Amino acid sequence: MRRALVVAAAASALALSGCAALPATPGAMPTDWVPSPSAAPEQNNVALSPDGFSAAQRMTVRVRNSGCGAVTTGSGFALDAFTLVTNRHVINDSATLEISTHDGRVIDVEAAEVTTVADLAILKTTTAMGGAFAALAQEDPEEGDAITVVGYPNGGRLTTTTGVVLGATTDPVENNSGGAVGTVLATTAVVQPGSSGSPVLNEDGEVVGVVYAKNDANQSFIVPVSMLNSLMAQPKLLVPQSSSCAAASSGSGAAAGVN
Amino acid sequence: MTRSQDATTDEGTTPSVGDGPMLDADRDDEDTIILPRRDPSEEPTEVPPDDDPDPFIEDEPSPAEDNEEKPATASAVPATAGLERYSPTGPIPVIGEANPITGALPVIGPVYPPKPRRPWIIATCVLGVALIGAGYLGWRMWQINEEWQAYSDDVTTANYDLGEQIASVQQNLTEKQQEVDLLSQQLSTSNDRLTDVSAEKAAALDSQELTSQVITTLEETLSLGQAATATLNSCIDGLEQLTTYLEAPEDEYDPEQIAEYASNVSDLCDNADAATVRFQGALTE
């Protein structure tokens with residue numbers, strides 16, 4: 001009998017303990033079902049383009065060398081609105097220099113500076129080039145790195161080619177008018193005459209070199225960006241280039257400047 | 001169970017199996033009811049039904065009962081037999097001879113112990129409280145269920161609204177994506193066309209510049225030709241005049257002057273030859 005009472009009391013207590021397990025009443029209905037964003041969208045201005053062209057395409061220009069009874073073309077890339085980089089042999093023997101942007105604008109070059117330590121030249125324009133500007137890498141590319149070359153081969157349309165770095169080598173251009181350029185880099189990117197001065201970009205879109213020559217095996221040679229950085233850090237290495245039709249001494253032989 | 005302690009007679013004597021022989025001597029033959037002698041071995045040994053009104057209350061043997069039954073069952077019942085239900089097995093032991101009982105059949109009525117009522121009251125109260133609590137719980141759960149049902153209806157309605165909005169947005173997104181794809185394709189085509197046009201413009205400018213240089217060169221060549229022609233004409237005119245001077249009478253012109261003129265004409269012709277060479281050289285470039 002007592003056992004039955006204890007069981008009944010326990011059952012009652014268990015039943016009453018259900019009060020504590022009663023489900024809660026629903027809260028108020030939310031008025032806004034749209035969740036707030038957890039993170040702000042990334043501002044990736046590099047990927048954005050005002051005209052559909054990439055930054056590499058917008059910073060690459062076509063250089064026209066008019067003078068001395070001939071018209072030659074090369075490529076270059078903008079460092080800022082009024083400054084661009086190309087090869088020295090592109091502007092040799094020039095009466096006038098003009099550049100054409102990716103969208104067809106033609107801008108006159110008012111001054112040119114060259115150096116004897118590398119096949120590089122710095123040009124100043126009369127008006128702003130617009131478009132994008134190059135970001136120079138701090139280190140040279142290593143063997144096996146993928147590269148992209150943007151330029152105007154054969155003076156034609158804007159073209160993008162890819163390749164890999166083969167490694168460092170000596171300057172293959174014989175009778176280089178500018179003298180020794182020290183160690184250069186060989187790549188597998190296919191270039192043509194007119195690609196001289198084209199920017200060589202790494203996978204991050206940084207300029208790691210400047211195309212200046214090719215050989216019969218379709219290997220291209222680039223001036224490493226470390227040389228360009230040294231040149232920009234030491235303006236004394238640059239000398240003005242006069243607009244005159246001096247005797248041309250472009251490279252020739254196994255490897256030649258691609259102008 | 002046989003409650004031997006509850007069986008009383010009218011005379012207040014307590015019948016006992018062991019008392020049989022002693023009662024037989026005092027019985028009158030006329031009042032004697034002769035009970036048939038039963039053979040214990042022929043009777044069933046089933047356990048008589050329990051007349052206990054309260055099966056949950058264990059029987060408590062009285063001290064008198066214990067004293068009376070101990071001599072008869074001392075060898076068969078253990079000391080704790082009083083706390084357990086007596087379940088005899090085997091033949092009922094009979095001590096002495098059974099004698100007929102005379103007189104009126106004794107009426108034996110059950111005598112129950114007083115029932116404890118407090119547990120029932122407590123149980124009733126507890127169950128009543130439990131019933132009230134269960135009722136409250138049911139009512140409260142019904143209320144909460146109603147609220148949740150209303151909430152579920154509201155959520156369902158809101159879900160349908162959101163579903164319509166999502167469908168609309170998805171349709172709009174699909175249309176926009178198609179427009180973006182179309183515009184991207186158009187932009188790509190425009191960029192290709194712009195690149196081609198830019199290249200054509202650059203090539204045209206190259207050609208223009210080259211043509212300009214050719215024109216300049218031709219103009220220079222033409223100038224050289226004109227100069228050569230002019231000097232040649234002067235040479236020819238001088239030679240013709242020199243011929244006239246030489247064909248005239250000897251005393252008409254001073255021979256020294258004729259010789260000087262001939263020298264000048266020779267210079268003119270030399271210049272004409274040089275101009276002609278330059279012109280020819282320009283033509284061959």
# chains A, B, ... in the order shown; residues from 1 in each chain; ligands from 1

call {"tool": "interface_residues", "arguments": {"of": "chain B", "to": "chain A", "cutoff": "9 Å", "atoms": "only C-alpha atoms", "output": "MDAnalysis selection string"}}
result
chainID B and resid 56:57 119:120 122:123 126:127 129:131 133:134 137 140:141 143:145 147:148 151 154:155 158 162 184 187:188 191 194:203 206:207 209:210 213:214 217

call {"tool": "residues_around", "arguments": {"residues": "segment 269-271 of chain B", "least_positions_apart": "4", "cutoff": "9 Å", "atoms": "only C-alpha atoms", "output": "list in words"}}
result
Ala228, Thr231, Leu232, Asn233, Ser234, Cys235, Ile236, Gly238, Leu239, Asn264, Val265, Ala275 and Thr276 of chain B

call {"tool": "write_last_selection", "arguments": {"atoms": "N, CA and C atoms", "output": "PDB file, in the first residue's frame"}}
result
ATOM      1  N   ALA B 228      68.681  70.775-111.802  1.00  0.00           N
ATOM      2  CA  ALA B 228      69.514  70.225-112.877  1.00  0.00           C
ATOM      3  C   ALA B 228      69.064  70.742-114.235  1.00  0.00           C
ATOM      4  N   THR B 231      70.178  74.404-114.573  1.00  0.00           N
ATOM      5  CA  THR B 231      71.614  74.528-114.857  1.00  0.00           C
ATOM      6  C   THR B 231      71.939  73.997-116.251  1.00  0.00           C
ATOM      7  N   LEU B 232      71.203  72.969-116.668  1.00  0.00           N
ATOM      8  CA  LEU B 232      71.426  72.460-118.014  1.00  0.00           C
ATOM      9  C   LEU B 232      70.998  73.503-119.061  1.00  0.00           C
ATOM     10  N   ASN B 233      69.868  74.135-118.783  1.00  0.00           N
ATOM     11  CA  ASN B 233      69.417  75.177-119.708  1.00  0.00           C
ATOM     12  C   ASN B 233      70.435  76.314-119.776  1.00  0.00           C
ATOM     13  N   SER B 234      70.945  76.677-118.603  1.00  0.00           N
ATOM     14  CA  SER B 234      71.960  77.741-118.597  1.00  0.00           C
ATOM     15  C   SER B 234      73.191  77.305-119.375  1.00  0.00           C
ATOM     16  N   CYS B 235      73.544  76.040-119.211  1.00  0.00           N
ATOM     17  CA  CYS B 235      74.697  75.504-119.919  1.00  0.00           C
ATOM     18  C   CYS B 235      74.460  75.537-121.439  1.00  0.00           C
ATOM     19  N   ILE B 236      73.262  75.138-121.780  1.00  0.00           N
ATOM     20  CA  ILE B 236      72.940  75.101-123.209  1.00  0.00           C
ATOM     21  C   ILE B 236      72.925  76.530-123.785  1.00  0.00           C
ATOM     22  N   GLY B 238      74.468  79.094-122.656  1.00  0.00           N
ATOM     23  CA  GLY B 238      75.845  79.586-122.712  1.00  0.00           C
ATOM     24  C   GLY B 238      76.614  79.006-123.896  1.00  0.00           C
ATOM     25  N   LEU B 239      76.396  77.728-124.110  1.00  0.00           N
ATOM     26  CA  LEU B 239      77.069  77.093-125.231  1.00  0.00           C
ATOM     27  C   LEU B 239      76.600  77.683-126.568  1.00  0.00           C
ATOM     28  N   ASN B 264      83.274  80.415-118.243  1.00  0.00           N
ATOM     29  CA  ASN B 264      82.046  80.500-117.408  1.00  0.00           C
ATOM     30  C   ASN B 264      81.009  79.485-117.867  1.00  0.00           C
ATOM     31  N   VAL B 265      80.914  79.360-119.193  1.00  0.00           N
ATOM     32  CA  VAL B 265      79.954  78.375-119.705  1.00  0.00           C
ATOM     33  C   VAL B 265      80.363  76.965-119.275  1.00  0.00           C
ATOM     34  N   ALA B 275      74.302  68.680-110.980  1.00  0.00           N
ATOM     35  CA  ALA B 275      72.871  68.646-110.628  1.00  0.00           C
ATOM     36  C   ALA B 275      72.209  67.417-111.226  1.00  0.00           C
ATOM     37  N   THR B 276      72.619  67.113-112.420  1.00  0.00           N
ATOM     38  CA  THR B 276      72.044  65.936-113.065  1.00  0.00           C
ATOM     39  C   THR B 276      72.417  64.660-112.306  1.00  0.00           C
TER      40      THR B 276
END

call {"tool": "select_by_dssp", "arguments": {"residues": "segment 59-164 of chain A", "states": "alpha helix (DSSP H)", "output": "count of residues only"}}
result
5

call {"tool": "residues_around", "arguments": {"residues": "Thr221 of chain B", "least_positions_apart": "4", "cutoff": "9 Å", "atoms": "only C-alpha atoms", "output": "mmCIF file with C-alpha atoms, in the first residue's frame"}}
result
data_model
loop_
_atom_site.group_PDB
_atom_site.id
_atom_site.type_symbol
_atom_site.label_atom_id
_atom_site.label_comp_id
_atom_site.auth_asym_id
_atom_site.auth_seq_id
_atom_site.Cartn_x
_atom_site.Cartn_y
_atom_site.Cartn_z
ATOM 1 C CA THR B 216 58.845 64.979 -99.279
ATOM 2 C CA THR B 217 61.451 62.840 -100.924
ATOM 3 C CA GLY B 225 65.552 67.811 -111.193
ATOM 4 C CA GLN B 226 64.404 71.376 -111.577
ATOM 5 C CA ARG B 278 72.305 64.440 -107.858
ATOM 6 C CA PHE B 279 68.975 64.180 -109.582
ATOM 7 C CA GLN B 280 69.806 60.789 -110.945
ATOM 8 C CA GLY B 281 71.047 59.744 -107.551
ATOM 9 C CA ALA B 282 67.785 60.895 -105.941
ATOM 10 C CA LEU B 283 65.828 58.936 -108.492
#

call {"tool": "atom_distance", "arguments": {"atom1": "atom CA of Asp145 of chain A", "atom2": "atom CA of Thr188 of chain A"}}
result
10.8 Å

call {"tool": "atom_distance", "arguments": {"atom1": "atom CA of Val114 of chain A", "atom2": "atom CA of Asn87 of chain A"}}
result
8.5 Å

call {"tool": "residues_around", "arguments": {"residues": "Thr183 of chain A", "least_positions_apart": "2", "cutoff": "12 Å", "atoms": "only C-alpha atoms", "output": "number ranges by chain"}}
result
A: 117-119, 140, 167-173, 180-181, 185-186, 221-227

call {"tool": "write_last_selection", "arguments": {"atoms": "C-alpha atoms", "output": "PDB file, in the first residue's frame"}}
result
ATOM      1  CA  VAL A 117      73.098  50.232 -69.674  1.00  0.00           C
ATOM      2  CA  ALA A 118      70.017  48.626 -71.129  1.00  0.00           C
ATOM      3  CA  ASP A 119      67.808  48.688 -74.180  1.00  0.00           C
ATOM      4  CA  ASP A 140      62.643  39.496 -61.276  1.00  0.00           C
ATOM      5  CA  GLY A 167      65.997  31.502 -67.304  1.00  0.00           C
ATOM      6  CA  ALA A 168      68.715  34.122 -67.274  1.00  0.00           C
ATOM      7  CA  THR A 169      71.149  34.498 -70.131  1.00  0.00           C
ATOM      8  CA  THR A 170      73.552  36.993 -71.581  1.00  0.00           C
ATOM      9  CA  ASP A 171      72.441  39.562 -74.111  1.00  0.00           C
ATOM     10  CA  PRO A 172      72.076  37.639 -77.393  1.00  0.00           C
ATOM     11  CA  VAL A 173      71.927  40.738 -79.605  1.00  0.00           C
ATOM     12  CA  ALA A 180      76.048  45.574 -72.701  1.00  0.00           C
ATOM     13  CA  VAL A 181      72.716  45.197 -71.008  1.00  0.00           C
ATOM     14  CA  LEU A 185      65.784  36.648 -69.353  1.00  0.00           C
ATOM     15  CA  ALA A 186      64.713  34.235 -72.065  1.00  0.00           C
ATOM     16  CA  PHE A 221      64.303  38.055 -74.511  1.00  0.00           C
ATOM     17  CA  ILE A 222      63.282  40.564 -71.910  1.00  0.00           C
ATOM     18  CA  VAL A 223      65.030  43.189 -69.856  1.00  0.00           C
ATOM     19  CA  PRO A 224      64.289  42.241 -66.237  1.00  0.00           C
ATOM     20  CA  VAL A 225      62.322  44.646 -64.124  1.00  0.00           C
ATOM     21  CA  SER A 226      65.205  45.018 -61.685  1.00  0.00           C
ATOM     22  CA  MET A 227      67.070  46.896 -64.395  1.00  0.00           C
TER      23      MET A 227
END

call {"tool": "atom_distance", "arguments": {"atom1": "atom CA of Val150 of chain A", "atom2": "atom CA of Thr162 of chain A"}}
result
8.7 Å
